[in-house]
file work.txt (compact mmCIF, N, CA and C atoms)
# COMPACT_ATOMS: atom_id res chain seq x y z
N MET A 13 -6.57 -39.94 -11.80
CA MET A 13 -7.54 -38.95 -12.23
C MET A 13 -7.57 -37.79 -11.24
N ALA A 14 -7.83 -36.63 -11.78
CA ALA A 14 -7.93 -35.44 -10.95
C ALA A 14 -9.39 -35.01 -10.88
N LEU A 15 -9.74 -34.35 -9.83
CA LEU A 15 -11.07 -33.78 -9.71
C LEU A 15 -10.97 -32.28 -9.93
N ILE A 16 -11.68 -31.79 -10.91
CA ILE A 16 -11.65 -30.37 -11.24
C ILE A 16 -13.04 -29.81 -10.96
N LYS A 17 -13.10 -28.71 -10.23
CA LYS A 17 -14.37 -28.05 -9.96
C LYS A 17 -14.54 -26.92 -10.98
N THR A 18 -15.69 -26.88 -11.59
CA THR A 18 -15.94 -25.87 -12.59
C THR A 18 -16.90 -24.81 -12.06
N TYR A 19 -16.72 -23.59 -12.51
CA TYR A 19 -17.64 -22.51 -12.14
C TYR A 19 -18.89 -22.53 -13.01
N GLN A 20 -18.82 -23.20 -14.15
CA GLN A 20 -19.98 -23.27 -15.01
C GLN A 20 -21.03 -24.17 -14.39
N GLY A 21 -22.26 -23.93 -14.72
CA GLY A 21 -23.34 -24.74 -14.16
C GLY A 21 -23.47 -24.49 -12.68
N GLU A 22 -23.60 -25.56 -11.94
CA GLU A 22 -23.80 -25.47 -10.50
C GLU A 22 -22.54 -25.82 -9.73
N GLY A 23 -21.38 -25.52 -10.28
CA GLY A 23 -20.13 -25.87 -9.61
C GLY A 23 -19.86 -27.36 -9.67
N ASP A 24 -20.17 -27.94 -10.81
CA ASP A 24 -19.99 -29.37 -11.01
C ASP A 24 -18.55 -29.79 -10.77
N VAL A 25 -18.38 -31.03 -10.36
CA VAL A 25 -17.06 -31.63 -10.23
C VAL A 25 -16.90 -32.61 -11.38
N VAL A 26 -15.84 -32.45 -12.15
CA VAL A 26 -15.58 -33.28 -13.31
C VAL A 26 -14.32 -34.08 -13.04
N GLU A 27 -14.31 -35.35 -13.40
CA GLU A 27 -13.16 -36.20 -13.18
C GLU A 27 -12.44 -36.44 -14.51
N MET A 28 -11.17 -36.03 -14.56
CA MET A 28 -10.34 -36.23 -15.76
C MET A 28 -8.89 -36.04 -15.37
N THR A 29 -7.97 -36.45 -16.24
CA THR A 29 -6.56 -36.22 -15.99
C THR A 29 -6.25 -34.75 -16.27
N TYR A 30 -5.10 -34.28 -15.79
CA TYR A 30 -4.76 -32.88 -16.07
C TYR A 30 -4.48 -32.64 -17.55
N PRO A 31 -3.84 -33.55 -18.29
CA PRO A 31 -3.73 -33.32 -19.73
C PRO A 31 -5.11 -33.25 -20.42
N GLN A 32 -6.06 -34.08 -19.97
CA GLN A 32 -7.41 -34.01 -20.53
C GLN A 32 -8.06 -32.67 -20.17
N PHE A 33 -7.84 -32.21 -18.96
CA PHE A 33 -8.37 -30.92 -18.52
C PHE A 33 -7.81 -29.79 -19.38
N LEU A 34 -6.51 -29.81 -19.63
CA LEU A 34 -5.89 -28.77 -20.48
C LEU A 34 -6.43 -28.83 -21.90
N ASP A 35 -6.63 -30.03 -22.41
CA ASP A 35 -7.19 -30.19 -23.75
C ASP A 35 -8.61 -29.62 -23.81
N TYR A 36 -9.38 -29.88 -22.77
CA TYR A 36 -10.74 -29.34 -22.67
C TYR A 36 -10.72 -27.80 -22.67
N LEU A 37 -9.85 -27.22 -21.86
CA LEU A 37 -9.75 -25.76 -21.80
C LEU A 37 -9.28 -25.17 -23.13
N TYR A 38 -8.32 -25.83 -23.77
CA TYR A 38 -7.77 -25.37 -25.04
C TYR A 38 -8.85 -25.36 -26.12
N LYS A 39 -9.60 -26.44 -26.21
CA LYS A 39 -10.68 -26.51 -27.21
C LYS A 39 -11.74 -25.46 -26.94
N ASP A 40 -12.05 -25.24 -25.68
CA ASP A 40 -13.02 -24.21 -25.31
C ASP A 40 -12.52 -22.82 -25.72
N ALA A 41 -11.23 -22.56 -25.52
CA ALA A 41 -10.66 -21.26 -25.89
C ALA A 41 -10.71 -21.06 -27.40
N ILE A 42 -10.44 -22.11 -28.15
CA ILE A 42 -10.49 -22.01 -29.61
C ILE A 42 -11.90 -21.69 -30.07
N GLU A 43 -12.89 -22.29 -29.43
CA GLU A 43 -14.28 -22.10 -29.83
C GLU A 43 -14.88 -20.80 -29.34
N SER A 44 -14.45 -20.31 -28.18
CA SER A 44 -15.17 -19.19 -27.58
C SER A 44 -14.41 -17.88 -27.42
N ASP A 45 -13.08 -17.89 -27.50
CA ASP A 45 -12.33 -16.63 -27.36
C ASP A 45 -12.57 -15.75 -28.59
N CYS A 46 -12.64 -14.45 -28.37
CA CYS A 46 -12.78 -13.55 -29.51
C CYS A 46 -11.52 -13.57 -30.38
N VAL A 47 -10.38 -13.81 -29.77
CA VAL A 47 -9.13 -14.03 -30.50
C VAL A 47 -8.60 -15.39 -30.04
N ALA A 48 -8.91 -16.43 -30.81
CA ALA A 48 -8.56 -17.79 -30.43
C ALA A 48 -7.04 -17.99 -30.46
N PRO A 49 -6.51 -18.77 -29.52
CA PRO A 49 -5.07 -19.05 -29.54
C PRO A 49 -4.70 -19.88 -30.78
N ASP A 50 -3.53 -19.60 -31.35
CA ASP A 50 -3.05 -20.32 -32.53
C ASP A 50 -2.30 -21.60 -32.17
N SER A 51 -1.92 -21.76 -30.91
CA SER A 51 -1.14 -22.92 -30.51
C SER A 51 -1.37 -23.21 -29.03
N LYS A 52 -0.94 -24.41 -28.63
CA LYS A 52 -1.03 -24.78 -27.22
C LYS A 52 -0.20 -23.85 -26.35
N LEU A 53 0.98 -23.47 -26.84
CA LEU A 53 1.83 -22.57 -26.05
C LEU A 53 1.19 -21.20 -25.88
N GLU A 54 0.60 -20.68 -26.93
CA GLU A 54 -0.08 -19.39 -26.81
C GLU A 54 -1.23 -19.49 -25.80
N PHE A 55 -1.97 -20.60 -25.86
CA PHE A 55 -3.04 -20.84 -24.90
C PHE A 55 -2.51 -20.87 -23.46
N LEU A 56 -1.44 -21.65 -23.24
CA LEU A 56 -0.87 -21.73 -21.90
C LEU A 56 -0.45 -20.36 -21.39
N GLY A 57 0.24 -19.59 -22.24
CA GLY A 57 0.71 -18.28 -21.83
C GLY A 57 -0.41 -17.38 -21.36
N ASN A 58 -1.48 -17.38 -22.10
CA ASN A 58 -2.58 -16.47 -21.81
C ASN A 58 -3.54 -17.02 -20.76
N HIS A 59 -3.98 -18.26 -20.90
CA HIS A 59 -5.05 -18.80 -20.06
C HIS A 59 -4.58 -19.50 -18.79
N VAL A 60 -3.41 -20.08 -18.80
CA VAL A 60 -2.95 -20.85 -17.63
C VAL A 60 -1.91 -20.07 -16.83
N PHE A 61 -0.90 -19.56 -17.51
CA PHE A 61 0.17 -18.85 -16.81
C PHE A 61 -0.19 -17.40 -16.51
N GLY A 62 -1.21 -16.87 -17.17
CA GLY A 62 -1.70 -15.53 -16.86
C GLY A 62 -0.87 -14.38 -17.40
N PHE A 63 -0.11 -14.62 -18.47
CA PHE A 63 0.66 -13.53 -19.07
C PHE A 63 -0.28 -12.62 -19.86
N THR A 64 -0.11 -11.33 -19.70
CA THR A 64 -0.89 -10.36 -20.46
C THR A 64 0.06 -9.65 -21.41
N THR A 65 0.01 -10.04 -22.68
CA THR A 65 0.96 -9.49 -23.64
C THR A 65 0.28 -8.84 -24.85
N TYR A 66 -0.93 -9.26 -25.17
CA TYR A 66 -1.62 -8.84 -26.40
C TYR A 66 -0.80 -9.17 -27.63
N SER A 67 0.01 -10.22 -27.52
CA SER A 67 0.83 -10.67 -28.64
C SER A 67 0.99 -12.19 -28.54
N GLY A 68 0.42 -12.90 -29.49
CA GLY A 68 0.55 -14.35 -29.50
C GLY A 68 1.99 -14.80 -29.53
N ASP A 69 2.84 -14.09 -30.29
CA ASP A 69 4.25 -14.46 -30.37
C ASP A 69 4.96 -14.34 -29.03
N ILE A 70 4.65 -13.29 -28.29
CA ILE A 70 5.27 -13.12 -26.97
C ILE A 70 4.70 -14.13 -25.99
N ASP A 71 3.40 -14.43 -26.09
CA ASP A 71 2.81 -15.48 -25.25
C ASP A 71 3.57 -16.79 -25.43
N VAL A 72 3.89 -17.12 -26.68
CA VAL A 72 4.61 -18.37 -26.98
C VAL A 72 6.01 -18.36 -26.36
N ILE A 73 6.70 -17.24 -26.48
CA ILE A 73 8.06 -17.12 -25.91
C ILE A 73 8.02 -17.31 -24.40
N LEU A 74 7.12 -16.59 -23.74
CA LEU A 74 7.03 -16.67 -22.27
C LEU A 74 6.54 -18.04 -21.81
N ALA A 75 5.57 -18.60 -22.52
CA ALA A 75 5.06 -19.92 -22.15
C ALA A 75 6.14 -20.98 -22.32
N THR A 76 6.93 -20.89 -23.37
CA THR A 76 8.03 -21.82 -23.57
C THR A 76 9.01 -21.73 -22.41
N GLN A 77 9.33 -20.52 -22.01
CA GLN A 77 10.25 -20.34 -20.88
C GLN A 77 9.66 -20.91 -19.59
N MET A 78 8.37 -20.71 -19.37
CA MET A 78 7.73 -21.22 -18.15
C MET A 78 7.71 -22.75 -18.17
N VAL A 79 7.37 -23.35 -19.29
CA VAL A 79 7.34 -24.81 -19.37
C VAL A 79 8.72 -25.39 -19.10
N GLU A 80 9.77 -24.77 -19.64
CA GLU A 80 11.14 -25.25 -19.39
C GLU A 80 11.47 -25.19 -17.90
N VAL A 81 11.09 -24.12 -17.24
CA VAL A 81 11.37 -23.97 -15.81
C VAL A 81 10.55 -24.96 -15.00
N ILE A 82 9.27 -25.12 -15.33
CA ILE A 82 8.43 -26.09 -14.63
C ILE A 82 9.03 -27.49 -14.76
N LYS A 83 9.46 -27.83 -15.95
CA LYS A 83 10.06 -29.15 -16.18
C LYS A 83 11.31 -29.34 -15.32
N ALA A 84 12.15 -28.33 -15.25
CA ALA A 84 13.36 -28.41 -14.42
C ALA A 84 12.99 -28.60 -12.94
N ILE A 85 11.98 -27.89 -12.49
CA ILE A 85 11.56 -28.00 -11.08
C ILE A 85 10.96 -29.37 -10.81
N VAL A 86 10.02 -29.80 -11.65
CA VAL A 86 9.36 -31.10 -11.44
C VAL A 86 10.36 -32.24 -11.47
N GLU A 87 11.35 -32.16 -12.37
CA GLU A 87 12.34 -33.22 -12.49
C GLU A 87 13.50 -33.09 -11.52
N GLY A 88 13.50 -32.04 -10.69
CA GLY A 88 14.58 -31.84 -9.72
C GLY A 88 15.91 -31.52 -10.37
N ALA A 89 15.86 -30.84 -11.53
CA ALA A 89 17.07 -30.55 -12.31
C ALA A 89 17.38 -29.05 -12.37
N THR A 90 16.99 -28.33 -11.34
CA THR A 90 17.16 -26.88 -11.39
C THR A 90 18.62 -26.44 -11.42
N PHE A 91 19.47 -27.14 -10.70
CA PHE A 91 20.88 -26.73 -10.68
C PHE A 91 21.54 -26.93 -12.05
N ASP A 92 21.18 -27.98 -12.74
CA ASP A 92 21.68 -28.18 -14.10
C ASP A 92 21.11 -27.11 -15.03
N PHE A 93 19.83 -26.81 -14.88
CA PHE A 93 19.16 -25.84 -15.73
C PHE A 93 19.82 -24.46 -15.65
N ILE A 94 20.20 -24.06 -14.45
CA ILE A 94 20.70 -22.68 -14.26
C ILE A 94 22.20 -22.53 -14.46
N LYS A 95 22.88 -23.57 -14.92
CA LYS A 95 24.33 -23.44 -15.17
C LYS A 95 24.63 -22.36 -16.20
N ASP A 96 23.77 -22.22 -17.18
CA ASP A 96 23.90 -21.17 -18.19
C ASP A 96 23.29 -19.88 -17.62
N ASP A 97 24.00 -18.75 -17.73
CA ASP A 97 23.53 -17.48 -17.15
C ASP A 97 22.17 -17.05 -17.70
N THR A 98 21.93 -17.27 -18.98
CA THR A 98 20.65 -16.89 -19.58
C THR A 98 19.52 -17.72 -18.98
N LYS A 99 19.75 -19.01 -18.82
CA LYS A 99 18.75 -19.89 -18.22
C LYS A 99 18.54 -19.56 -16.74
N HIS A 100 19.60 -19.12 -16.07
CA HIS A 100 19.49 -18.73 -14.66
C HIS A 100 18.55 -17.53 -14.52
N ILE A 101 18.71 -16.55 -15.39
CA ILE A 101 17.83 -15.38 -15.37
C ILE A 101 16.40 -15.80 -15.69
N GLN A 102 16.24 -16.66 -16.69
CA GLN A 102 14.91 -17.17 -17.05
C GLN A 102 14.27 -17.87 -15.85
N TYR A 103 15.03 -18.70 -15.19
CA TYR A 103 14.54 -19.46 -14.04
C TYR A 103 14.07 -18.54 -12.92
N ILE A 104 14.92 -17.59 -12.55
CA ILE A 104 14.55 -16.66 -11.47
C ILE A 104 13.33 -15.84 -11.85
N THR A 105 13.28 -15.39 -13.10
CA THR A 105 12.14 -14.61 -13.57
C THR A 105 10.85 -15.42 -13.48
N MET A 106 10.86 -16.63 -14.00
CA MET A 106 9.64 -17.45 -14.01
C MET A 106 9.22 -17.86 -12.60
N CYS A 107 10.18 -18.11 -11.72
CA CYS A 107 9.84 -18.44 -10.34
C CYS A 107 9.12 -17.29 -9.64
N ASN A 108 9.31 -16.08 -10.14
CA ASN A 108 8.68 -14.91 -9.54
C ASN A 108 7.42 -14.47 -10.26
N MET A 109 7.00 -15.21 -11.27
CA MET A 109 5.74 -14.92 -11.96
C MET A 109 4.58 -15.47 -11.13
N PRO A 110 3.40 -14.86 -11.26
CA PRO A 110 2.26 -15.29 -10.43
C PRO A 110 1.94 -16.79 -10.50
N PHE A 111 2.17 -17.43 -11.64
CA PHE A 111 1.84 -18.85 -11.75
C PHE A 111 2.64 -19.69 -10.75
N LEU A 112 3.91 -19.38 -10.55
CA LEU A 112 4.75 -20.16 -9.63
C LEU A 112 4.94 -19.51 -8.26
N LYS A 113 4.90 -18.20 -8.21
CA LYS A 113 5.14 -17.50 -6.95
C LYS A 113 4.16 -18.01 -5.89
N ASP A 114 4.62 -18.21 -4.72
CA ASP A 114 3.84 -18.70 -3.57
C ASP A 114 3.42 -20.16 -3.70
N LYS A 115 3.96 -20.87 -4.69
CA LYS A 115 3.67 -22.29 -4.83
C LYS A 115 4.95 -23.12 -4.76
N LEU A 116 6.05 -22.45 -4.47
CA LEU A 116 7.35 -23.11 -4.40
C LEU A 116 7.91 -23.04 -2.99
N GLU A 117 8.71 -24.03 -2.68
CA GLU A 117 9.53 -24.03 -1.46
C GLU A 117 10.97 -24.10 -1.94
N TRP A 118 11.90 -23.55 -1.14
CA TRP A 118 13.29 -23.66 -1.57
C TRP A 118 14.29 -23.70 -0.44
N GLY A 119 13.85 -23.86 0.74
CA GLY A 119 14.80 -23.98 1.84
C GLY A 119 15.72 -22.78 1.91
N THR A 120 17.01 -22.97 1.67
CA THR A 120 17.97 -21.88 1.79
C THR A 120 18.30 -21.20 0.46
N SER A 121 17.83 -21.75 -0.67
CA SER A 121 18.16 -21.14 -1.97
C SER A 121 17.09 -21.43 -3.01
N ILE A 122 16.59 -20.38 -3.65
CA ILE A 122 15.60 -20.52 -4.71
C ILE A 122 16.13 -21.37 -5.86
N ARG A 123 17.45 -21.47 -5.97
CA ARG A 123 18.04 -22.24 -7.07
C ARG A 123 17.66 -23.71 -7.00
N GLY A 124 17.33 -24.21 -5.84
CA GLY A 124 16.94 -25.61 -5.69
C GLY A 124 15.47 -25.78 -5.37
N ALA A 125 14.63 -24.89 -5.88
CA ALA A 125 13.21 -24.88 -5.53
C ALA A 125 12.51 -26.18 -5.91
N TRP A 126 11.46 -26.48 -5.15
CA TRP A 126 10.57 -27.58 -5.47
C TRP A 126 9.15 -27.10 -5.26
N ILE A 127 8.20 -27.83 -5.79
CA ILE A 127 6.80 -27.43 -5.69
C ILE A 127 6.27 -27.83 -4.33
N GLU A 128 5.68 -26.89 -3.65
CA GLU A 128 5.08 -27.10 -2.34
C GLU A 128 3.87 -28.01 -2.53
N GLU A 129 3.84 -29.13 -1.79
CA GLU A 129 2.80 -30.14 -2.02
C GLU A 129 1.79 -30.27 -0.89
N TYR A 130 1.83 -29.40 0.07
CA TYR A 130 0.93 -29.54 1.21
C TYR A 130 -0.02 -28.37 1.34
N GLY A 131 -0.21 -27.64 0.25
CA GLY A 131 -1.09 -26.48 0.30
C GLY A 131 -2.54 -26.87 0.52
N LYS A 132 -3.26 -25.96 1.11
CA LYS A 132 -4.69 -26.18 1.36
C LYS A 132 -5.49 -25.27 0.46
N GLY A 133 -6.72 -25.66 0.22
CA GLY A 133 -7.61 -24.86 -0.61
C GLY A 133 -7.45 -25.21 -2.08
N ASP A 134 -7.94 -24.30 -2.91
CA ASP A 134 -7.96 -24.53 -4.35
C ASP A 134 -7.18 -23.45 -5.08
N LEU A 135 -6.76 -23.79 -6.29
CA LEU A 135 -6.16 -22.83 -7.22
C LEU A 135 -7.13 -22.65 -8.37
N GLU A 136 -7.21 -21.44 -8.87
CA GLU A 136 -8.08 -21.18 -10.01
C GLU A 136 -7.27 -21.21 -11.30
N ILE A 137 -7.71 -22.03 -12.23
CA ILE A 137 -7.10 -22.13 -13.55
C ILE A 137 -8.19 -21.89 -14.57
N ASP A 138 -8.17 -20.74 -15.21
CA ASP A 138 -9.12 -20.41 -16.27
C ASP A 138 -10.57 -20.68 -15.85
N PHE A 139 -10.96 -20.15 -14.72
CA PHE A 139 -12.31 -20.22 -14.16
C PHE A 139 -12.70 -21.61 -13.65
N HIS A 140 -11.74 -22.48 -13.42
CA HIS A 140 -11.97 -23.78 -12.82
C HIS A 140 -11.05 -23.89 -11.62
N LYS A 141 -11.43 -24.76 -10.69
CA LYS A 141 -10.61 -24.93 -9.49
C LYS A 141 -9.97 -26.31 -9.48
N ILE A 142 -8.71 -26.32 -9.06
CA ILE A 142 -8.02 -27.59 -8.81
C ILE A 142 -7.48 -27.53 -7.38
N PRO A 143 -7.39 -28.67 -6.72
CA PRO A 143 -6.85 -28.67 -5.36
C PRO A 143 -5.39 -28.19 -5.36
N ARG A 144 -5.07 -27.29 -4.46
CA ARG A 144 -3.71 -26.77 -4.37
C ARG A 144 -2.68 -27.88 -4.17
N LYS A 145 -3.06 -28.91 -3.44
CA LYS A 145 -2.15 -30.03 -3.19
C LYS A 145 -1.81 -30.77 -4.48
N ASP A 146 -2.58 -30.56 -5.55
CA ASP A 146 -2.34 -31.21 -6.84
C ASP A 146 -1.48 -30.36 -7.79
N PHE A 147 -0.94 -29.26 -7.32
CA PHE A 147 -0.23 -28.36 -8.24
C PHE A 147 0.93 -29.05 -8.95
N LYS A 148 1.67 -29.90 -8.25
CA LYS A 148 2.76 -30.62 -8.90
C LYS A 148 2.22 -31.55 -9.99
N LEU A 149 1.13 -32.24 -9.70
CA LEU A 149 0.49 -33.10 -10.71
C LEU A 149 0.02 -32.27 -11.91
N PHE A 150 -0.51 -31.10 -11.62
CA PHE A 150 -0.95 -30.22 -12.70
C PHE A 150 0.24 -29.78 -13.55
N CYS A 151 1.34 -29.44 -12.91
CA CYS A 151 2.55 -29.05 -13.65
C CYS A 151 3.06 -30.20 -14.50
N GLN A 152 3.03 -31.41 -13.96
CA GLN A 152 3.41 -32.58 -14.76
C GLN A 152 2.44 -32.76 -15.93
N GLY A 153 1.18 -32.49 -15.67
CA GLY A 153 0.18 -32.55 -16.74
C GLY A 153 0.47 -31.56 -17.86
N ILE A 154 0.95 -30.38 -17.51
CA ILE A 154 1.33 -29.39 -18.52
C ILE A 154 2.47 -29.94 -19.38
N ILE A 155 3.47 -30.50 -18.72
CA ILE A 155 4.63 -31.06 -19.43
C ILE A 155 4.17 -32.16 -20.39
N ASP A 156 3.32 -33.06 -19.89
CA ASP A 156 2.83 -34.16 -20.72
C ASP A 156 1.96 -33.66 -21.87
N TRP A 157 1.14 -32.67 -21.62
CA TRP A 157 0.20 -32.16 -22.62
C TRP A 157 0.90 -31.42 -23.75
N ILE A 158 1.96 -30.71 -23.44
CA ILE A 158 2.62 -29.86 -24.44
C ILE A 158 3.55 -30.66 -25.35
N LYS A 159 3.88 -31.89 -25.00
CA LYS A 159 4.81 -32.71 -25.81
C LYS A 159 4.32 -32.86 -27.23
call {"tool": "encode", "arguments": {"input": "work.txt", "output": "C-alpha cells"}}
result
Amino acid sequence: MALIKTYQGEGDVVEMTYPQFLDYLYKDAIESDCVAPDSKLEFLGNHVFGFTTYSGDIDVILATQMVEVIKAIVEGATFDFIKDDTKHIQYITMCNMPFLKDKLEWGTSIRGAWIEEYGKGDLEIDFHKIPRKDFKLFCQGIIDWIK
C-alpha cells in the first residue's frame, strides 16, 4: 500500500495502492472536470503526465508514448525499445518531458536510464503528494492501471 497525501481537507493521508489512487483521480476527473476525459489515456496525458494539448486525441497519443517508455524503463528493456529509430526518438523525447525529467538516472548514457529511487521529499500528482522515493512504484502502478 502507498500513502498519498491529499491537499483536500486538512492534508489527510489516505492509504491505497497506486492503481487505486489513479482510479480515484480518474473518477474525480470524470465527475468534476469541465471537459471530462474520455479515456484513461486521455486522463493520464492531461492530469498525470502534464501534457497541455487542448486535444483529447493528442493527449492519448502522447500518453501512449509515455506509458510505453515508462514500461521499458521499469522493466529494464530500454536498449531493446530503442532499436527502432522511431522508438528511439520517442524514448529520448519522453525522457525529457517534465514527468520523467529529473527523476531518472543513467550513468554514462540516457539510453540505459532507470528510475532514481532515493529521492527525498514529495512529488505532486494532480494536487496530491506521493513520496518521491515511490516514483518507480507509481510508474508500475500506471502500467498496471492502464492494462
call {"tool": "closest_residue", "arguments": {"input": "work.txt", "among": "A:Asp97, A:Ile16, A:Gly133, A:Tyr103", "to": "Glu80 of chain A", "atoms": "all atoms listed in the file"}}
result
A:Tyr103
call {"tool": "residues_around", "arguments": {"input": "work.txt", "residues": "Val86 of chain A", "least_positions_apart": "3", "cutoff": "8 Å", "atoms": "only C-alpha atoms", "output": "number ranges by chain"}}
result
A: 82-83, 89, 126-127, 148, 151-152
call {"tool": "atom_distance", "arguments": {"input": "work.txt", "atom1": "atom CA of Gly131 of chain A", "atom2": "atom CA of Cys107 of chain A"}}
result
17.2 Å
call {"tool": "atom_distance", "arguments": {"input": "work.txt", "atom1": "atom C of Lys159 of chain A", "atom2": "atom CA of Asp35 of chain A"}}
result
12.3 Å
call {"tool": "atom_distance", "arguments": {"input": "work.txt", "atom1": "atom C of Ile142 of chain A", "atom2": "atom N of Met106 of chain A"}}
result
22.3 Å
